[in-house]
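See below for target04.tsv, which holds TSV, C-alpha atoms (C1' of nucleotides).
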```tsv
chain	number	residue	atom	x	y	z
A	93	MET	CA	4.54	-8.33	4.07
A	94	MET	CA	2.88	-6.73	1.04
A	95	THR	CA	3.46	-3.00	0.72
A	96	ALA	CA	1.83	-0.28	-1.40
A	97	ALA	CA	3.88	-1.03	-4.53
A	98	ASP	CA	2.65	-4.63	-4.49
A	99	PHE	CA	-0.91	-3.39	-5.05
A	100	ASP	CA	0.08	-1.28	-8.07
A	101	LEU	CA	-1.03	-3.86	-10.61
A	102	PRO	CA	-3.94	-4.03	-13.06
A	103	VAL	CA	-6.81	-5.24	-10.89
A	104	LEU	CA	-7.42	-8.30	-13.09
A	105	GLU	CA	-3.90	-9.40	-12.17
A	106	LEU	CA	-4.08	-8.27	-8.56
A	107	ALA	CA	-7.32	-10.08	-7.70
A	108	PRO	CA	-6.10	-13.60	-8.60
A	109	LEU	CA	-2.67	-12.85	-7.16
A	110	LEU	CA	-4.23	-12.24	-3.75
A	111	ILE	CA	-5.61	-15.79	-3.64
A	112	GLY	CA	-3.47	-17.61	-1.07
A	113	ALA	CA	-2.31	-14.41	0.61
A	114	THR	CA	-2.75	-14.06	4.35
A	115	LEU	CA	-4.91	-11.20	5.58
A	116	LEU	CA	-4.93	-10.19	9.24
A	117	VAL	CA	-6.74	-7.34	10.97
A	118	ASP	CA	-5.45	-6.88	14.52
A	119	GLU	CA	-3.95	-10.38	14.32
A	120	VAL	CA	-7.30	-11.93	13.32
A	121	GLY	CA	-7.90	-13.45	9.90
A	122	GLY	CA	-6.68	-16.14	7.55
A	123	VAL	CA	-5.85	-17.12	3.99
A	124	ILE	CA	-7.75	-15.38	1.19
A	125	VAL	CA	-9.59	-18.01	-0.86
A	126	GLU	CA	-12.04	-15.86	-2.86
A	127	THR	CA	-11.85	-12.37	-4.41
A	128	GLU	CA	-13.61	-10.26	-7.01
A	129	ALA	CA	-12.15	-7.50	-9.19
A	130	TYR	CA	-13.89	-4.15	-9.74
A	131	HIS	CA	-12.70	-1.17	-11.77
A	132	HIS	CA	-13.75	2.30	-12.89
A	133	GLU	CA	-15.14	1.27	-16.30
A	134	ASP	CA	-17.10	-1.60	-14.79
A	135	PRO	CA	-20.86	-0.97	-14.57
A	136	ALA	CA	-21.04	-3.17	-11.44
A	137	SER	CA	-18.35	-1.18	-9.60
A	138	HIS	CA	-18.92	1.48	-6.97
A	139	SER	CA	-16.24	3.52	-8.76
A	140	ARG	CA	-18.12	3.50	-12.10
A	141	SER	CA	-19.24	7.16	-11.81
A	142	GLY	CA	-16.05	8.62	-10.37
A	143	PRO	CA	-15.28	9.59	-6.77
A	144	THR	CA	-18.06	10.16	-4.25
A	145	ALA	CA	-18.04	10.47	-0.48
A	146	ARG	CA	-18.57	6.73	-0.12
A	147	ASN	CA	-16.04	5.44	-2.64
A	148	ALA	CA	-13.26	8.00	-2.12
A	149	SER	CA	-10.91	5.27	-0.89
A	150	MET	CA	-11.14	3.47	-4.22
A	151	PHE	CA	-9.32	6.47	-5.67
A	152	ALA	CA	-6.77	6.71	-2.84
A	153	GLY	CA	-4.72	3.66	-3.73
A	154	PRO	CA	-2.86	1.61	-4.45
A	155	GLY	CA	-2.54	-0.15	-1.12
A	156	VAL	CA	-5.38	1.13	1.05
A	157	ALA	CA	-8.61	-0.40	2.35
A	158	TYR	CA	-12.02	0.46	0.92
A	159	VAL	CA	-14.84	-0.42	3.32
A	160	TYR	CA	-18.49	-0.03	2.38
A	161	ARG	CA	-21.81	-0.84	4.00
A	162	SER	CA	-23.74	-3.48	2.08
A	163	TYR	CA	-27.53	-3.50	2.13
A	164	GLY	CA	-27.44	-1.24	5.16
A	165	ILE	CA	-26.24	-4.14	7.30
A	166	HIS	CA	-22.84	-5.58	6.50
A	167	TRP	CA	-19.36	-4.11	6.29
A	168	CYS	CA	-17.37	-5.35	3.31
A	169	LEU	CA	-13.64	-4.99	2.72
A	170	ASN	CA	-11.75	-4.27	-0.50
A	171	LEU	CA	-8.04	-4.02	-1.07
A	172	VAL	CA	-7.53	-1.05	-3.38
A	173	GLY	CA	-5.31	-1.24	-6.45
A	174	PRO	CA	-4.52	1.50	-8.97
A	175	ARG	CA	-6.86	4.49	-9.14
A	176	GLY	CA	-10.51	3.45	-9.19
A	177	THR	CA	-9.91	-0.27	-8.78
A	178	GLY	CA	-10.52	-2.63	-5.88
A	179	VAL	CA	-10.48	-6.28	-4.89
A	180	LEU	CA	-13.44	-7.42	-2.81
A	181	ILE	CA	-12.44	-9.99	-0.20
A	182	ARG	CA	-15.20	-12.58	-0.37
A	183	ALA	CA	-13.89	-15.47	1.71
A	184	LEU	CA	-11.04	-16.60	3.96
A	185	ARG	CA	-9.84	-19.85	5.40
A	186	PRO	CA	-9.70	-18.88	9.09
A	187	THR	CA	-6.27	-19.40	10.63
A	188	ALA	CA	-5.63	-16.74	13.28
A	189	GLY	CA	-7.77	-15.46	16.15
A	190	VAL	CA	-10.41	-18.10	15.51
A	191	ASP	CA	-11.88	-17.73	19.01
A	192	GLN	CA	-12.36	-14.02	18.42
A	193	MET	CA	-14.04	-14.69	15.08
A	194	ILE	CA	-16.36	-17.27	16.63
A	195	GLN	CA	-17.34	-14.72	19.25
A	196	ARG	CA	-18.01	-11.96	16.72
A	197	ARG	CA	-19.97	-14.23	14.38
A	198	GLY	CA	-21.90	-16.04	17.08
A	199	LEU	CA	-21.22	-19.43	15.50
A	200	ALA	CA	-18.36	-21.88	15.37
A	201	ASP	CA	-18.71	-23.69	12.03
A	202	PRO	CA	-15.36	-22.87	10.38
A	203	ARG	CA	-16.93	-23.17	6.93
A	204	ARG	CA	-19.39	-20.38	7.66
A	205	LEU	CA	-17.09	-18.14	9.66
A	206	CYS	CA	-15.59	-16.15	6.76
A	207	SER	CA	-17.31	-17.46	3.61
A	208	GLY	CA	-19.01	-14.38	2.19
A	209	PRO	CA	-17.99	-10.72	2.12
A	210	GLY	CA	-20.33	-9.66	4.93
A	211	ARG	CA	-19.15	-12.58	7.04
A	212	VAL	CA	-15.52	-11.63	6.49
A	213	GLY	CA	-16.31	-8.10	7.65
A	214	GLN	CA	-18.03	-9.30	10.79
A	215	ALA	CA	-15.40	-11.92	11.64
A	216	LEU	CA	-12.54	-9.45	11.24
A	217	GLY	CA	-14.30	-6.64	13.08
A	218	ILE	CA	-14.28	-4.35	10.03
A	219	THR	CA	-16.08	-1.00	10.35
A	220	ARG	CA	-16.10	2.39	8.67
A	221	SER	CA	-13.07	3.24	10.84
A	222	HIS	CA	-10.93	1.00	8.60
A	223	ASP	CA	-11.94	2.79	5.40
A	224	GLY	CA	-8.95	4.44	3.72
A	225	LEU	CA	-6.32	2.99	6.04
A	226	PRO	CA	-3.06	1.82	4.44
A	227	LEU	CA	-2.69	-1.93	4.15
A	228	ASP	CA	1.00	-2.01	5.09
A	229	GLY	CA	0.51	-1.01	8.72
A	230	ARG	CA	-1.65	-1.53	11.77
A	231	PRO	CA	-4.19	-2.92	12.07
A	232	PHE	CA	-3.65	-4.61	8.71
A	233	GLN	CA	-1.11	-7.21	7.72
A	234	VAL	CA	-1.11	-8.73	4.24
A	235	ASP	CA	1.41	-11.40	3.28
A	236	ALA	CA	1.84	-12.83	-0.21
A	237	PRO	CA	1.53	-16.59	-0.58
A	238	ALA	CA	4.71	-18.65	-0.21
A	239	THR	CA	3.84	-20.75	-3.24
A	240	LEU	CA	1.34	-19.72	-5.91
A	241	PRO	CA	-1.84	-21.77	-5.51
A	242	GLU	CA	-4.12	-23.05	-8.26
A	243	VAL	CA	-6.65	-20.32	-9.01
A	244	VAL	CA	-10.01	-20.71	-10.75
A	245	ALA	CA	-12.17	-17.92	-12.22
A	246	GLY	CA	-15.87	-17.40	-12.86
A	247	PRO	CA	-18.67	-14.83	-12.93
A	248	ARG	CA	-19.09	-12.50	-9.96
A	249	ILE	CA	-21.85	-13.02	-7.40
A	250	GLY	CA	-24.72	-10.82	-6.31
A	251	ILE	CA	-24.52	-8.26	-9.12
A	252	SER	CA	-26.92	-7.46	-11.97
A	253	LYS	CA	-24.58	-5.71	-14.43
A	254	ALA	CA	-21.62	-7.15	-16.35
A	255	VAL	CA	-22.75	-10.53	-15.03
A	256	ASP	CA	-20.81	-12.52	-17.62
A	257	GLN	CA	-17.35	-11.16	-16.83
A	258	PRO	CA	-15.23	-13.88	-15.14
A	259	TRP	CA	-13.83	-11.52	-12.54
A	260	ARG	CA	-14.37	-13.73	-9.49
A	261	PHE	CA	-11.33	-15.74	-8.43
A	262	GLY	CA	-11.00	-18.63	-6.02
A	263	LEU	CA	-8.65	-21.17	-4.56
A	264	LYS	CA	-9.40	-24.36	-6.48
A	265	GLY	CA	-11.36	-26.87	-4.41
A	266	SER	CA	-11.39	-24.84	-1.21
A	267	PRO	CA	-14.21	-25.75	1.18
A	268	PHE	CA	-14.23	-22.15	2.44
A	269	LEU	CA	-15.62	-20.55	-0.74
A	270	SER	CA	-18.91	-18.67	-0.45
A	271	LYS	CA	-20.12	-20.72	-3.43
A	272	PRO	CA	-18.44	-23.39	-5.52
A	273	PHE	CA	-17.08	-22.55	-8.99
A	274	ARG	CA	-18.72	-24.35	-11.91
B	260	DA	C1'	-32.78	-28.06	-0.64
B	261	DA	C1'	-34.63	-24.06	-2.11
B	262	DG	C1'	-37.20	-19.84	-1.77
B	263	DC	C1'	-39.13	-15.95	0.59
B	264	DG	C1'	-38.92	-11.65	3.51
B	265	DG	C1'	-36.68	-8.59	6.92
B	266	DA	C1'	-33.03	-5.48	8.34
B	267	DT	C1'	-31.74	-0.71	6.55
B	268	DG	C1'	-26.99	2.87	4.67
B	269	DT	C1'	-25.79	5.23	0.61
B	270	DC	C1'	-26.14	6.40	-4.07
B	271	DC	C1'	-28.70	7.72	-8.16
B	272	DT	C1'	-33.04	8.91	-10.90
C	84	DG	C1'	-38.38	6.09	-4.35
C	85	DG	C1'	-35.68	2.20	-5.89
C	86	DA	C1'	-31.58	-0.47	-6.36
C	87	DC	C1'	-27.85	-2.56	-4.20
C	88	DA	C1'	-20.68	-6.08	-4.52
C	89	DT	C1'	-25.62	-9.53	1.84
C	90	DC	C1'	-26.86	-12.60	5.42
C	91	DC	C1'	-30.15	-14.93	8.39
C	92	DG	C1'	-34.21	-17.33	9.78
C	93	DC	C1'	-38.43	-19.11	8.66
C	94	DT	C1'	-41.15	-21.37	5.62
C	95	DT	C1'	-42.33	-24.93	2.06
C	96	DA	C1'	-40.80	-29.51	-0.09
```

If you took the structure in this file and wrote it as structure tokens, what would it be?
Amino acid sequence: MMTAADFDLPVLELAPLLIGATLLVDEVGGVIVETEAYHHEDPASHSRSGPTARNASMFAGPGVAYVYRSYGIHWCLNLVGPRGTGVLIRALRPTAGVDQMIQRRGLADPRRLCSGPGRVGQALGITRSHDGLPLDGRPFQVDAPATLPEVVAGPRIGISKAVDQPWRFGLKGSPFLSKPFR
DNA sequence: AAGCGGATGTCCT
DNA sequence: GGACATCCGCTTA
């Protein structure tokens, strides 16, 4: 079980370290296979201009959830590190509560269940109500990987600033990535 | 296989 | 008003 102190790491260390960790929300979830790091001096980060009503949770860490609405439609989940930093959960390998995830997503293809940040939010039932909640208690459970997996890095997806920074991390060769790494 | 347009909350200019 | 850490379905090849 990861607790607040485990999230008190520079976000460029935390984001790859979370690859292979298990993330459950009310017993539903799986193994994290894709993350992205964001921080306060990062032009692509929601925290770039300091705290606002939306991003307050990014400044409430380490060890809380930051949930935001993407494009007015999707709920996306970050695990917050030190002040102003966060790790966007972009994809999981589904392992627990698969039936529930299938129901929420309205499709059964395991490769498309949790491969994308909006999909993860929908599959895990994430809403605004999770924003700011600590990660070391209900409904969350985060467990570090038993053995450190092989992690690959590359440019982040779906952003227009700082596009060349290799701050996207993935489990090498996983079929559950939102996009392959080059 | 790839490219578009639609849905539409929150922030910033 | 415009951009955005997105996804889906419909269109064209």

Find the spatial neighbours of range 105-121 of chain A, counting only C-alpha atoms (C1' of nucleotides), within a cut-off of 6 Å - ignore same-chain residues fewer than 2 positions away - and output them as a list of chain:residue names.
A:Leu101, A:Pro102, A:Val103, A:Val123, A:Ile124, A:Val125, A:Ala129, A:Val179, A:Pro186, A:Ala188, A:Gly189, A:Pro231, A:Phe232, A:Gln233, A:Val234, A:Asp235, A:Ala236, A:Pro237, A:Phe261

Contacts between chain A and chain B, please, where a residue of chain B counts if it comes within 10 Å (with only C-alpha atoms (C1' of nucleotides)); show its shortest atom pair and distance in Å to one decimal, rows by chain and ascending number, as a tab-separated table.
```
residue	atom	partner	partner_atom	distance
B:DA266	C1'	A:Ile165	CA	7.0
B:DT267	C1'	A:Gly164	CA	4.6
B:DG268	C1'	A:Gly164	CA	4.2
B:DT269	C1'	A:Arg146	CA	7.4
B:DC270	C1'	A:Arg146	CA	8.5
```

Restricted to C-alpha atoms (C1' of nucleotides), what would the selected residues look like written as a compact mmCIF listing (two decimals), in the frame of the given file?
```txt
# COMPACT_ATOMS: atom_id res chain seq x y z
C1' DA B 266 -33.03 -5.48 8.34
C1' DT B 267 -31.74 -0.71 6.55
C1' DG B 268 -26.99 2.87 4.67
C1' DT B 269 -25.79 5.23 0.61
C1' DC B 270 -26.14 6.40 -4.07
```

Just how far from CA of Asn170 in chain A is CA of Ala254 in chain A, in Å to one decimal?
18.9 Å

Could you pull the residues within 9 Å of range 211-226 of chain A, counting only C-alpha atoms (C1' of nucleotides), minus those fewer than 5 positions along the same chain, as a PyMOL selection string?
(chain A and resi 95-96+116-118+120-121+148-150+152-161+166-169+181-184+190+192-197+204-206+231-232) or (chain C and resi 89-90)

Rounded to one decimal in Å, what is the spacing between CA of Gly262 in chain A and C1' of DG262 in chain B?
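Going from CA of Gly262 in chain A over to C1' of DG262 in chain B covers 26.6 Å.
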
Please measure the separation of CA of Leu240 in chain A and CA of Glu126 in chain A, giving the value in Å to one decimal.
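CA of Glu126 in chain A lies at a distance of 14.3 Å from CA of Leu240 in chain A.
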
So which one's closest to chain C, A:Gln257, A:Ser137, A:Thr239, A:Thr177? Using all atoms listed in the file, please.
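The shortest atom-to-atom distance to chain C comes from A:Ser137.
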
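Distances from A:His132, A:Arg185, A:Arg248, A:Arg230 to chain C were compared using only C-alpha atoms (C1' of nucleotides), and the smallest one belongs to A:Arg248.
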
May I ask which of the residues A:Ile251, A:Phe151, A:Gly265, A:Leu199 is the closest one to chain C, counting all atoms listed in the file?
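Selected residue with least distance to chain C: A:Ile251.
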
Residue list as a ChimeraX atom specification for point (-35.3, -27.6, -4.1), cut-off 10 Å, only C-alpha atoms (C1' of nucleotides)
/B:260-262 /C:95-96

Can I get range 166-202 of chain A with N, CA and C atoms filled in, as a PDB file, in the coordinates of the input?
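Written file, result_12.pdb:
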```pdb
ATOM      1  N   HIS A 166     -24.163  -4.958   6.397  1.00  0.00           N
ATOM      2  CA  HIS A 166     -22.840  -5.580   6.500  1.00  0.00           C
ATOM      3  C   HIS A 166     -21.727  -4.630   6.094  1.00  0.00           C
ATOM      4  N   TRP A 167     -20.562  -4.822   6.707  1.00  0.00           N
ATOM      5  CA  TRP A 167     -19.360  -4.110   6.290  1.00  0.00           C
ATOM      6  C   TRP A 167     -18.531  -5.030   5.410  1.00  0.00           C
ATOM      7  N   CYS A 168     -18.157  -4.541   4.230  1.00  0.00           N
ATOM      8  CA  CYS A 168     -17.370  -5.350   3.310  1.00  0.00           C
ATOM      9  C   CYS A 168     -16.043  -4.664   3.017  1.00  0.00           C
ATOM     10  N   LEU A 169     -15.013  -5.487   2.848  1.00  0.00           N
ATOM     11  CA  LEU A 169     -13.640  -4.990   2.720  1.00  0.00           C
ATOM     12  C   LEU A 169     -13.089  -5.231   1.315  1.00  0.00           C
ATOM     13  N   ASN A 170     -12.500  -4.164   0.755  1.00  0.00           N
ATOM     14  CA  ASN A 170     -11.750  -4.270  -0.500  1.00  0.00           C
ATOM     15  C   ASN A 170     -10.318  -3.857  -0.265  1.00  0.00           C
ATOM     16  N   LEU A 171      -9.415  -4.480  -1.010  1.00  0.00           N
ATOM     17  CA  LEU A 171      -8.040  -4.020  -1.070  1.00  0.00           C
ATOM     18  C   LEU A 171      -7.891  -3.232  -2.365  1.00  0.00           C
ATOM     19  N   VAL A 172      -7.510  -1.963  -2.238  1.00  0.00           N
ATOM     20  CA  VAL A 172      -7.530  -1.050  -3.380  1.00  0.00           C
ATOM     21  C   VAL A 172      -6.246  -1.181  -4.193  1.00  0.00           C
ATOM     22  N   GLY A 173      -6.437  -1.221  -5.521  1.00  0.00           N
ATOM     23  CA  GLY A 173      -5.310  -1.240  -6.450  1.00  0.00           C
ATOM     24  C   GLY A 173      -5.108   0.142  -7.049  1.00  0.00           C
ATOM     25  N   PRO A 174      -4.674   0.208  -8.307  1.00  0.00           N
ATOM     26  CA  PRO A 174      -4.520   1.500  -8.970  1.00  0.00           C
ATOM     27  C   PRO A 174      -5.850   2.263  -8.995  1.00  0.00           C
ATOM     28  N   ARG A 175      -5.734   3.549  -9.185  1.00  0.00           N
ATOM     29  CA  ARG A 175      -6.860   4.490  -9.140  1.00  0.00           C
ATOM     30  C   ARG A 175      -8.181   3.905  -9.661  1.00  0.00           C
ATOM     31  N   GLY A 176      -9.180   3.874  -8.790  1.00  0.00           N
ATOM     32  CA  GLY A 176     -10.510   3.450  -9.190  1.00  0.00           C
ATOM     33  C   GLY A 176     -10.729   1.952  -9.227  1.00  0.00           C
ATOM     34  N   THR A 177      -9.766   1.186  -8.760  1.00  0.00           N
ATOM     35  CA  THR A 177      -9.910  -0.270  -8.780  1.00  0.00           C
ATOM     36  C   THR A 177      -9.874  -0.840  -7.359  1.00  0.00           C
ATOM     37  N   GLY A 178     -10.522  -1.999  -7.188  1.00  0.00           N
ATOM     38  CA  GLY A 178     -10.520  -2.630  -5.880  1.00  0.00           C
ATOM     39  C   GLY A 178     -10.764  -4.115  -5.985  1.00  0.00           C
ATOM     40  N   VAL A 179     -10.293  -4.836  -4.970  1.00  0.00           N
ATOM     41  CA  VAL A 179     -10.480  -6.280  -4.890  1.00  0.00           C
ATOM     42  C   VAL A 179     -11.325  -6.577  -3.661  1.00  0.00           C
ATOM     43  N   LEU A 180     -12.545  -7.051  -3.901  1.00  0.00           N
ATOM     44  CA  LEU A 180     -13.440  -7.420  -2.810  1.00  0.00           C
ATOM     45  C   LEU A 180     -12.989  -8.743  -2.211  1.00  0.00           C
ATOM     46  N   ILE A 181     -12.801  -8.758  -0.896  1.00  0.00           N
ATOM     47  CA  ILE A 181     -12.440  -9.990  -0.200  1.00  0.00           C
ATOM     48  C   ILE A 181     -13.716 -10.739   0.136  1.00  0.00           C
ATOM     49  N   ARG A 182     -13.937 -11.871  -0.516  1.00  0.00           N
ATOM     50  CA  ARG A 182     -15.200 -12.580  -0.370  1.00  0.00           C
ATOM     51  C   ARG A 182     -15.141 -13.768   0.574  1.00  0.00           C
ATOM     52  N   ALA A 183     -13.959 -14.327   0.807  1.00  0.00           N
ATOM     53  CA  ALA A 183     -13.890 -15.470   1.710  1.00  0.00           C
ATOM     54  C   ALA A 183     -12.455 -15.734   2.149  1.00  0.00           C
ATOM     55  N   LEU A 184     -12.335 -16.213   3.383  1.00  0.00           N
ATOM     56  CA  LEU A 184     -11.040 -16.600   3.960  1.00  0.00           C
ATOM     57  C   LEU A 184     -11.133 -18.013   4.506  1.00  0.00           C
ATOM     58  N   ARG A 185      -9.975 -18.660   4.556  1.00  0.00           N
ATOM     59  CA  ARG A 185      -9.840 -19.850   5.400  1.00  0.00           C
ATOM     60  C   ARG A 185      -9.306 -19.368   6.733  1.00  0.00           C
ATOM     61  N   PRO A 186     -10.106 -19.453   7.800  1.00  0.00           N
ATOM     62  CA  PRO A 186      -9.700 -18.880   9.090  1.00  0.00           C
ATOM     63  C   PRO A 186      -8.462 -19.588   9.630  1.00  0.00           C
ATOM     64  N   THR A 187      -7.470 -18.796  10.046  1.00  0.00           N
ATOM     65  CA  THR A 187      -6.270 -19.400  10.630  1.00  0.00           C
ATOM     66  C   THR A 187      -5.841 -18.738  11.926  1.00  0.00           C
ATOM     67  N   ALA A 188      -6.152 -17.481  12.121  1.00  0.00           N
ATOM     68  CA  ALA A 188      -5.630 -16.740  13.280  1.00  0.00           C
ATOM     69  C   ALA A 188      -6.762 -16.029  14.011  1.00  0.00           C
ATOM     70  N   GLY A 189      -6.746 -16.128  15.349  1.00  0.00           N
ATOM     71  CA  GLY A 189      -7.770 -15.460  16.150  1.00  0.00           C
ATOM     72  C   GLY A 189      -9.143 -16.085  15.957  1.00  0.00           C
ATOM     73  N   VAL A 190      -9.150 -17.405  15.800  1.00  0.00           N
ATOM     74  CA  VAL A 190     -10.410 -18.100  15.510  1.00  0.00           C
ATOM     75  C   VAL A 190     -11.428 -17.904  16.643  1.00  0.00           C
ATOM     76  N   ASP A 191     -10.953 -17.931  17.883  1.00  0.00           N
ATOM     77  CA  ASP A 191     -11.880 -17.730  19.010  1.00  0.00           C
ATOM     78  C   ASP A 191     -12.587 -16.390  18.910  1.00  0.00           C
ATOM     79  N   GLN A 192     -11.796 -15.363  18.586  1.00  0.00           N
ATOM     80  CA  GLN A 192     -12.360 -14.020  18.420  1.00  0.00           C
ATOM     81  C   GLN A 192     -13.406 -13.990  17.308  1.00  0.00           C
ATOM     82  N   MET A 193     -13.102 -14.669  16.205  1.00  0.00           N
ATOM     83  CA  MET A 193     -14.040 -14.690  15.080  1.00  0.00           C
ATOM     84  C   MET A 193     -15.325 -15.419  15.462  1.00  0.00           C
ATOM     85  N   ILE A 194     -15.191 -16.516  16.189  1.00  0.00           N
ATOM     86  CA  ILE A 194     -16.360 -17.270  16.630  1.00  0.00           C
ATOM     87  C   ILE A 194     -17.253 -16.378  17.496  1.00  0.00           C
ATOM     88  N   GLN A 195     -16.598 -15.608  18.372  1.00  0.00           N
ATOM     89  CA  GLN A 195     -17.340 -14.720  19.250  1.00  0.00           C
ATOM     90  C   GLN A 195     -18.088 -13.638  18.451  1.00  0.00           C
ATOM     91  N   ARG A 196     -17.385 -13.027  17.501  1.00  0.00           N
ATOM     92  CA  ARG A 196     -18.010 -11.960  16.720  1.00  0.00           C
ATOM     93  C   ARG A 196     -19.141 -12.481  15.846  1.00  0.00           C
ATOM     94  N   ARG A 197     -18.977 -13.689  15.317  1.00  0.00           N
ATOM     95  CA  ARG A 197     -19.970 -14.230  14.380  1.00  0.00           C
ATOM     96  C   ARG A 197     -21.099 -14.951  15.103  1.00  0.00           C
ATOM     97  N   GLY A 198     -20.857 -15.347  16.336  1.00  0.00           N
ATOM     98  CA  GLY A 198     -21.900 -16.040  17.080  1.00  0.00           C
ATOM     99  C   GLY A 198     -22.134 -17.452  16.588  1.00  0.00           C
ATOM    100  N   LEU A 199     -21.164 -18.022  15.892  1.00  0.00           N
ATOM    101  CA  LEU A 199     -21.220 -19.430  15.500  1.00  0.00           C
ATOM    102  C   LEU A 199     -19.821 -19.965  15.268  1.00  0.00           C
ATOM    103  N   ALA A 200     -19.691 -21.287  15.352  1.00  0.00           N
ATOM    104  CA  ALA A 200     -18.360 -21.880  15.370  1.00  0.00           C
ATOM    105  C   ALA A 200     -17.999 -22.625  14.096  1.00  0.00           C
ATOM    106  N   ASP A 201     -18.978 -22.928  13.246  1.00  0.00           N
ATOM    107  CA  ASP A 201     -18.710 -23.690  12.030  1.00  0.00           C
ATOM    108  C   ASP A 201     -17.658 -22.979  11.185  1.00  0.00           C
ATOM    109  N   PRO A 202     -16.452 -23.558  11.079  1.00  0.00           N
ATOM    110  CA  PRO A 202     -15.360 -22.870  10.380  1.00  0.00           C
ATOM    111  C   PRO A 202     -15.692 -22.587   8.918  1.00  0.00           C
TER     112      PRO A 202
END
```
